[in-house]
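Peer 1: This is protein_24.cif, which holds mmCIF, C-alpha atoms:
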data_my_file
loop_
_atom_site.label_atom_id
_atom_site.label_comp_id
_atom_site.auth_asym_id
_atom_site.auth_seq_id
_atom_site.Cartn_x
_atom_site.Cartn_y
_atom_site.Cartn_z
CA MET Z 1151 14.27 -6.56 -0.58
CA ARG Z 1152 11.03 -5.87 1.28
CA VAL Z 1153 8.30 -4.38 -0.90
CA TYR Z 1154 4.80 -3.26 -0.05
CA VAL Z 1155 2.13 -4.10 -2.62
CA PRO Z 1156 -1.05 -1.99 -2.59
CA LEU Z 1157 -4.30 -3.89 -3.09
CA THR Z 1158 -7.98 -3.82 -2.22
CA LEU Z 1159 -9.82 -6.57 -0.38
CA SER Z 1160 -11.16 -7.84 -3.72
CA GLY Z 1161 -7.59 -7.76 -5.09
CA LEU Z 1162 -6.42 -9.73 -2.05
CA ALA Z 1163 -9.21 -12.26 -2.64
CA GLU Z 1164 -8.08 -12.62 -6.26
CA ALA Z 1165 -4.46 -13.08 -5.13
CA TYR Z 1166 -5.63 -15.72 -2.67
CA LYS Z 1167 -7.47 -17.53 -5.47
CA THR Z 1168 -4.64 -17.34 -8.03
CA GLY Z 1169 -1.71 -17.50 -5.62
CA GLU Z 1170 -0.05 -14.43 -7.19
CA LEU Z 1171 -0.17 -10.75 -6.23
CA GLY Z 1172 -0.75 -9.47 -9.75
CA ALA Z 1173 0.60 -9.16 -13.25
CA VAL Z 1174 4.27 -8.44 -13.86
CA PRO Z 1175 5.51 -5.74 -13.70
CA LEU Z 1176 3.89 -5.17 -10.34
CA VAL Z 1177 3.79 -1.71 -8.79
CA ALA Z 1178 4.96 -1.75 -5.19
CA TYR Z 1179 6.69 0.53 -2.69
CA ALA Z 1180 10.02 0.09 -0.96
CA VAL Z 1181 12.85 1.96 0.70
CA THR Z 1182 14.40 3.62 -2.34
CA PRO Z 1183 17.19 6.22 -2.48
CA ALA Z 1184 14.61 8.93 -3.19
CA LEU Z 1185 12.50 7.86 -0.19
CA ARG Z 1186 15.62 7.95 2.02
CA GLU Z 1187 16.44 11.43 0.76
CA TRP Z 1188 12.89 12.70 1.21
CA TYR Z 1189 12.49 11.42 4.79
CA LEU Z 1190 16.05 12.25 5.85
CA SER Z 1191 16.29 9.21 8.08
CA ASP Z 1192 18.72 6.35 8.47
CA ASP Z 1193 16.35 4.34 10.66
CA ILE Z 1194 15.26 1.41 8.48
CA GLU Z 1195 12.08 0.84 10.51
CA GLU Z 1196 11.00 4.45 9.97
CA LEU Z 1197 11.78 4.18 6.27
CA GLU Z 1198 9.88 0.91 5.89
CA TYR Z 1199 6.92 2.50 7.71
CA ALA Z 1200 7.09 5.38 5.21
CA ALA Z 1201 7.11 2.90 2.31
CA LEU Z 1202 4.11 1.11 3.86
CA ASN Z 1203 2.27 4.43 4.09
CA ARG Z 1204 3.07 5.20 0.45
CA ALA Z 1205 1.56 1.81 -0.46
CA ALA Z 1206 -1.49 2.61 1.69
CA LEU Z 1207 -2.00 5.81 -0.33
CA ALA Z 1208 -1.69 3.77 -3.53
CA SER Z 1209 -4.31 1.37 -2.14
CA LEU Z 1210 -6.56 4.39 -1.56
CA ARG Z 1211 -6.07 5.30 -5.23
CA LEU Z 1212 -7.15 1.77 -6.20
CA LEU Z 1213 -10.27 2.23 -4.07
CA ALA Z 1214 -11.02 5.57 -5.74
CA ALA Z 1215 -10.89 3.81 -9.11
CA ASP Z 1216 -13.16 0.95 -7.96
CA PRO Z 1217 -16.37 2.27 -6.37
CA GLY Z 1218 -17.58 -1.28 -5.69
CA ALA Z 1219 -14.57 -2.31 -3.58
CA ALA Z 1220 -14.87 -2.51 0.19
CA ARG Z 1221 -13.55 0.74 1.63
CA ARG Z 1222 -10.53 -0.69 3.44
CA ARG Z 1223 -6.93 -0.15 2.36
CA VAL Z 1224 -4.81 -3.29 1.92
CA VAL Z 1225 -1.04 -3.62 1.69
CA VAL Z 1226 0.87 -6.90 1.36
CA ALA Z 1227 4.46 -6.95 2.64
CA VAL Z 1228 6.66 -9.39 0.75
CA ASP Z 1229 10.36 -9.99 0.26
CA VAL Z 1230 11.57 -10.24 -3.32
CA PRO Z 1231 15.07 -11.06 -4.58
CA ASP Z 1232 17.49 -8.15 -4.78
CA GLY Z 1233 17.34 -6.76 -8.29
CA ALA Z 1234 13.75 -7.90 -8.82
CA ALA Z 1235 12.43 -4.44 -7.89
CA SER Z 1236 13.69 -1.16 -9.24
CA ALA Z 1237 12.70 2.48 -9.08
CA ASP Z 1238 12.24 4.54 -12.25
CA PRO Z 1239 15.15 7.01 -12.21
CA ASP Z 1240 13.14 9.49 -14.30
CA ARG Z 1241 10.56 9.72 -11.52
CA GLY Z 1242 13.08 9.60 -8.67
CA LEU Z 1243 12.24 12.84 -6.87
CA ASP Z 1244 8.64 13.18 -8.03
CA PRO Z 1245 6.78 13.34 -4.69
CA ALA Z 1246 3.95 11.27 -6.19
CA ALA Z 1247 6.40 8.45 -6.97
CA LEU Z 1248 8.40 8.37 -3.72
CA GLY Z 1249 9.23 4.78 -2.90
CA GLU Z 1250 7.53 3.42 -6.02
CA VAL Z 1251 9.20 0.40 -7.59
CA ARG Z 1252 8.38 -2.05 -10.36
CA VAL Z 1253 8.71 -5.72 -9.45
CA THR Z 1254 9.76 -7.70 -12.52
CA VAL Z 1255 9.21 -11.22 -11.20
CA ALA Z 1256 6.00 -13.02 -10.32
CA VAL Z 1257 5.25 -12.64 -6.62
CA ARG Z 1258 3.58 -15.60 -4.96
CA LEU Z 1259 1.17 -14.73 -2.15
CA ALA Z 1260 2.65 -17.66 -0.22
CA LYS Z 1261 5.90 -15.63 0.05
CA ALA Z 1262 4.16 -12.71 1.79
CA ALA Z 1263 5.46 -11.77 5.21
CA ALA Z 1264 2.25 -10.05 6.36
CA VAL Z 1265 -0.90 -8.28 5.28
CA HIS Z 1266 -1.83 -4.81 6.55
CA VAL Z 1267 -5.54 -3.87 6.45
CA ASP Z 1268 -7.77 -1.13 7.84
CA LEU Z 1269 -10.20 -2.00 10.61
CA ASP Z 1270 -13.92 -1.91 9.79
CA GLU Z 1271 -14.13 1.33 11.82
CA ALA Z 1272 -11.95 3.09 9.22
CA GLU Z 1273 -14.36 2.45 6.35
CA ALA Z 1274 -16.25 5.75 6.56
CA ASP Z 1275 -13.07 7.82 6.62
CA VAL Z 1276 -11.47 5.72 3.87
CA ALA Z 1277 -14.60 6.05 1.71
CA ALA Z 1278 -14.60 9.83 2.17
CA ALA Z 1279 -10.88 9.98 1.38
CA ALA Z 1280 -11.32 7.94 -1.80
CA GLU Z 1281 -14.00 10.39 -2.95
CA ALA Z 1282 -11.86 13.42 -2.06
CA LEU Z 1283 -8.62 12.12 -3.58
CA GLU Z 1284 -9.03 13.68 -7.02
CA ALA Z 1285 -9.78 17.12 -5.57
CA ALA Z 1286 -6.85 16.77 -3.15
CA ASP Z 1287 -4.57 15.98 -6.09
CA ARG Z 1288 -5.70 19.25 -7.68
CA GLY Z 1289 -4.63 21.16 -4.55
CA ASP Z 1290 -7.94 21.46 -2.67
CA ASP Z 1291 -6.91 21.88 0.99
CA ASP Z 1292 -10.29 20.75 2.35
CA ALA Z 1293 -10.11 17.58 0.28
CA GLN Z 1294 -6.53 16.97 1.45
CA PHE Z 1295 -7.77 17.23 5.03
CA VAL Z 1296 -10.28 14.46 4.27
CA VAL Z 1297 -7.56 12.29 2.68
CA ASP Z 1298 -5.37 12.87 5.73
CA GLY Z 1299 -8.27 11.63 7.87
CA ALA Z 1300 -7.88 8.16 6.36
CA GLU Z 1301 -4.16 8.28 7.03
CA ASP Z 1302 -4.95 8.79 10.72
CA HIS Z 1303 -6.07 5.15 10.78
CA GLU Z 1304 -3.23 2.70 11.30
CA LEU Z 1305 -3.28 -0.40 9.14
CA LEU Z 1306 -3.40 -3.51 11.29
CA TRP Z 1307 -0.94 -6.36 10.85
CA TYR Z 1308 -2.32 -9.78 9.90
CA ALA Z 1309 -0.51 -13.07 9.43
CA THR Z 1310 -0.92 -14.59 5.99
CA GLN Z 1311 -2.89 -17.46 7.54
CA GLU Z 1312 -5.62 -14.90 8.30
CA ILE Z 1313 -6.17 -13.97 4.65
CA PRO Z 1314 -9.17 -16.31 4.17
CA ASN Z 1315 -10.96 -14.57 7.05
CA LEU Z 1316 -10.06 -11.11 5.72
CA VAL Z 1317 -11.55 -11.86 2.30
CA GLY Z 1318 -14.61 -13.67 3.62
CA LEU Z 1319 -13.53 -17.22 2.78
CA GLY Z 1320 -12.82 -18.38 6.33
CA ASP Z 1321 -15.02 -20.42 8.60
#
Kindly return the structure encoded in the file as structure tokens.

Peer 2:
Amino acid sequence: MRVYVPLTLSGLAEAYKTGELGAVPLVAYAVTPALREWYLSDDIEELEYAALNRAALASLRLLAADPGAARRRVVVAVDVPDGAASADPDRGLDPAALGEVRVTVAVRLAKAAAVHVDLDEAEADVAAAAEALEAADRGDDDAQFVVDGAEDHELLWYATQEIPNLVGLGD
């Protein structure tokens, strides 16, 4: 099963150092039955893109909680064994939990398929979105517009061999 793990650049640097994406259980996003129902699509690529975007929003939440982190969203795409990730049935149709799964096995960074990261040019919009996130969650339309501004930036695809350069450890 393909899952999308939200991180920050500092979280990615830590994963690079330790070799693991985080403590078990790990929160990630995937194509779940609730996500399929919400997006009303049978196209697996569209659904995986939706799961990636849910993980990008979760990365934004991590940034909002860590004012010192570089203002770039990070999502790691990784395949885990079937049954290693499961959605919480009690939160199934909660819009805030769409696509959310718990991964119950350790996930080695070496198993990652790709890393998705904002360009430097997105930093100002991502920073503004991280600041506006709490107000947007309370229903502030202006704040939601700011959050949506970060979502206008596509995350770029990077091969796992590029991680040292992304986290500032490359040549």

Peer 1: When you count all atoms listed in the file, which of these residues is closest to Glu1273 of chain Z: Z:Leu1159, Z:Ala1300, Z:Ala1235, Z:Val1224?

Peer 2: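 Answer, going by the shortest atom-to-atom distance: Z:Ala1300.
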
Peer 1: Translate the PyMOL selection byres ((chain Z and resi 1181) around 8) into a concrete residue list for this structure, as a short mmCIF file (atom, residue, chain, number, x, y, z; two decimals) with C-alpha atoms, in the frame of the given file.

Peer 2:
data_model
loop_
_atom_site.label_atom_id
_atom_site.label_comp_id
_atom_site.auth_asym_id
_atom_site.auth_seq_id
_atom_site.Cartn_x
_atom_site.Cartn_y
_atom_site.Cartn_z
CA VAL Z 1153 8.30 -4.38 -0.90
CA TYR Z 1179 6.69 0.53 -2.69
CA ALA Z 1180 10.02 0.09 -0.96
CA THR Z 1182 14.40 3.62 -2.34
CA PRO Z 1183 17.19 6.22 -2.48
CA LEU Z 1185 12.50 7.86 -0.19
CA ARG Z 1186 15.62 7.95 2.02
CA LEU Z 1197 11.78 4.18 6.27
CA GLU Z 1198 9.88 0.91 5.89
CA ALA Z 1201 7.11 2.90 2.31
CA GLY Z 1249 9.23 4.78 -2.90
#

Peer 1: Considering all atoms listed in the file, state which residue in the set Z:Val1257, Z:Ala1163, Z:Ala1286, Z:Ala1173 is at the smallest distance from Ala1219 of chain Z.

Peer 2: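 Of Z:Val1257, Z:Ala1163, Z:Ala1286, Z:Ala1173, the one nearest Ala1219 of chain Z is Z:Ala1163, counting all atoms listed in the file.
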
Peer 1: Which neighbours of Arg1152 of chain Z fall inside 8 Å, counting only C-alpha atoms, when residues of the same chain fewer than 3 positions from it are skipped, and could you give them as a tab-separated table (two decimals) with C-alpha atoms, keeping the file's coordinate frame?

Peer 2:
chain	number	residue	atom	x	y	z
Z	1180	ALA	CA	10.02	0.09	-0.96
Z	1227	ALA	CA	4.46	-6.95	2.64
Z	1228	VAL	CA	6.66	-9.39	0.75
Z	1229	ASP	CA	10.36	-9.99	0.26
Z	1230	VAL	CA	11.57	-10.24	-3.32

Peer 1: Between Z:Asn1203, Z:Thr1158, Z:Ser1191, Z:Asn1315, which is the closest to Asp1298 of chain Z once you count all atoms listed in the file?

Peer 2: Z:Asn1203

Peer 1: Pull out every residue that the PyMOL selection byres ((chain Z and resi 1218) around 12) matches in the shown coordinates and put them as JSON, numbers by chain.

Peer 2: {"Z": [1158, 1159, 1160, 1161, 1212, 1213, 1214, 1215, 1216, 1217, 1219, 1220, 1221, 1222, 1277, 1280]}

Peer 1: Now that the selection is made, can you save its residues with C-alpha atoms as a PDB file, keeping the file's coordinate frame?

Peer 2:
ATOM      1  CA  THR Z1158      -7.980  -3.820  -2.220  1.00  0.00           C
ATOM      2  CA  LEU Z1159      -9.820  -6.570  -0.380  1.00  0.00           C
ATOM      3  CA  SER Z1160     -11.160  -7.840  -3.720  1.00  0.00           C
ATOM      4  CA  GLY Z1161      -7.590  -7.760  -5.090  1.00  0.00           C
ATOM      5  CA  LEU Z1212      -7.150   1.770  -6.200  1.00  0.00           C
ATOM      6  CA  LEU Z1213     -10.270   2.230  -4.070  1.00  0.00           C
ATOM      7  CA  ALA Z1214     -11.020   5.570  -5.740  1.00  0.00           C
ATOM      8  CA  ALA Z1215     -10.890   3.810  -9.110  1.00  0.00           C
ATOM      9  CA  ASP Z1216     -13.160   0.950  -7.960  1.00  0.00           C
ATOM     10  CA  PRO Z1217     -16.370   2.270  -6.370  1.00  0.00           C
ATOM     11  CA  ALA Z1219     -14.570  -2.310  -3.580  1.00  0.00           C
ATOM     12  CA  ALA Z1220     -14.870  -2.510   0.190  1.00  0.00           C
ATOM     13  CA  ARG Z1221     -13.550   0.740   1.630  1.00  0.00           C
ATOM     14  CA  ARG Z1222     -10.530  -0.690   3.440  1.00  0.00           C
ATOM     15  CA  ALA Z1277     -14.600   6.050   1.710  1.00  0.00           C
ATOM     16  CA  ALA Z1280     -11.320   7.940  -1.800  1.00  0.00           C
TER      17      ALA Z1280
END

Peer 1: Smallest atom-to-atom distance to Leu1157 of chain Z: which of Z:Asp1238, Z:Asp1192, Z:Asp1268, Z:Asp1232, using all atoms listed in the file?

Peer 2: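 So, comparing all the options, the nearest one is Z:Asp1268.
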
Peer 1: Pick out the closest residue to Lys1167 of chain Z from this set: Z:Val1317, Z:Val1296, Z:Ala1205, Z:Ile1194. Count only C-alpha atoms.

Peer 2: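 Among the listed residues, the smallest separation from Lys1167 of chain Z belongs to Z:Val1317.
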
Peer 1: List the spatial neighbours of Asp1240 of chain Z as a list in words - criterion: any atom at most 12 Å away, only C-alpha atoms, same-chain residues fewer than 6 positions off excluded.

Peer 2: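 The residues satisfying every condition are Ala1184, Ala1247, Leu1248, Glu1250 and Val1251 of chain Z.
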
Peer 1: Calculated over only C-alpha atoms, which of the candidates Z:Ala1256, Z:Ala1293, Z:Ala1282, Z:Ala1246 has the smallest distance to Arg1204 of chain Z?

Peer 2: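 Under the stated criterion, the closest residue is Z:Ala1246.
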
Peer 1: Could you tell me how far atom CA of Ala1263 of chain Z sits from atom CA of Val1226 of chain Z, in Å to one decimal place?

Peer 2: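 So the answer is 7.7 Å.
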
Peer 1: May I have the residues within 8 Å of Val1253 of chain Z as a ChimeraX atom specification, using only C-alpha atoms and disregarding those fewer than 3 positions away in the same chain?

Peer 2: /Z:1174-1178,1234-1236,1256
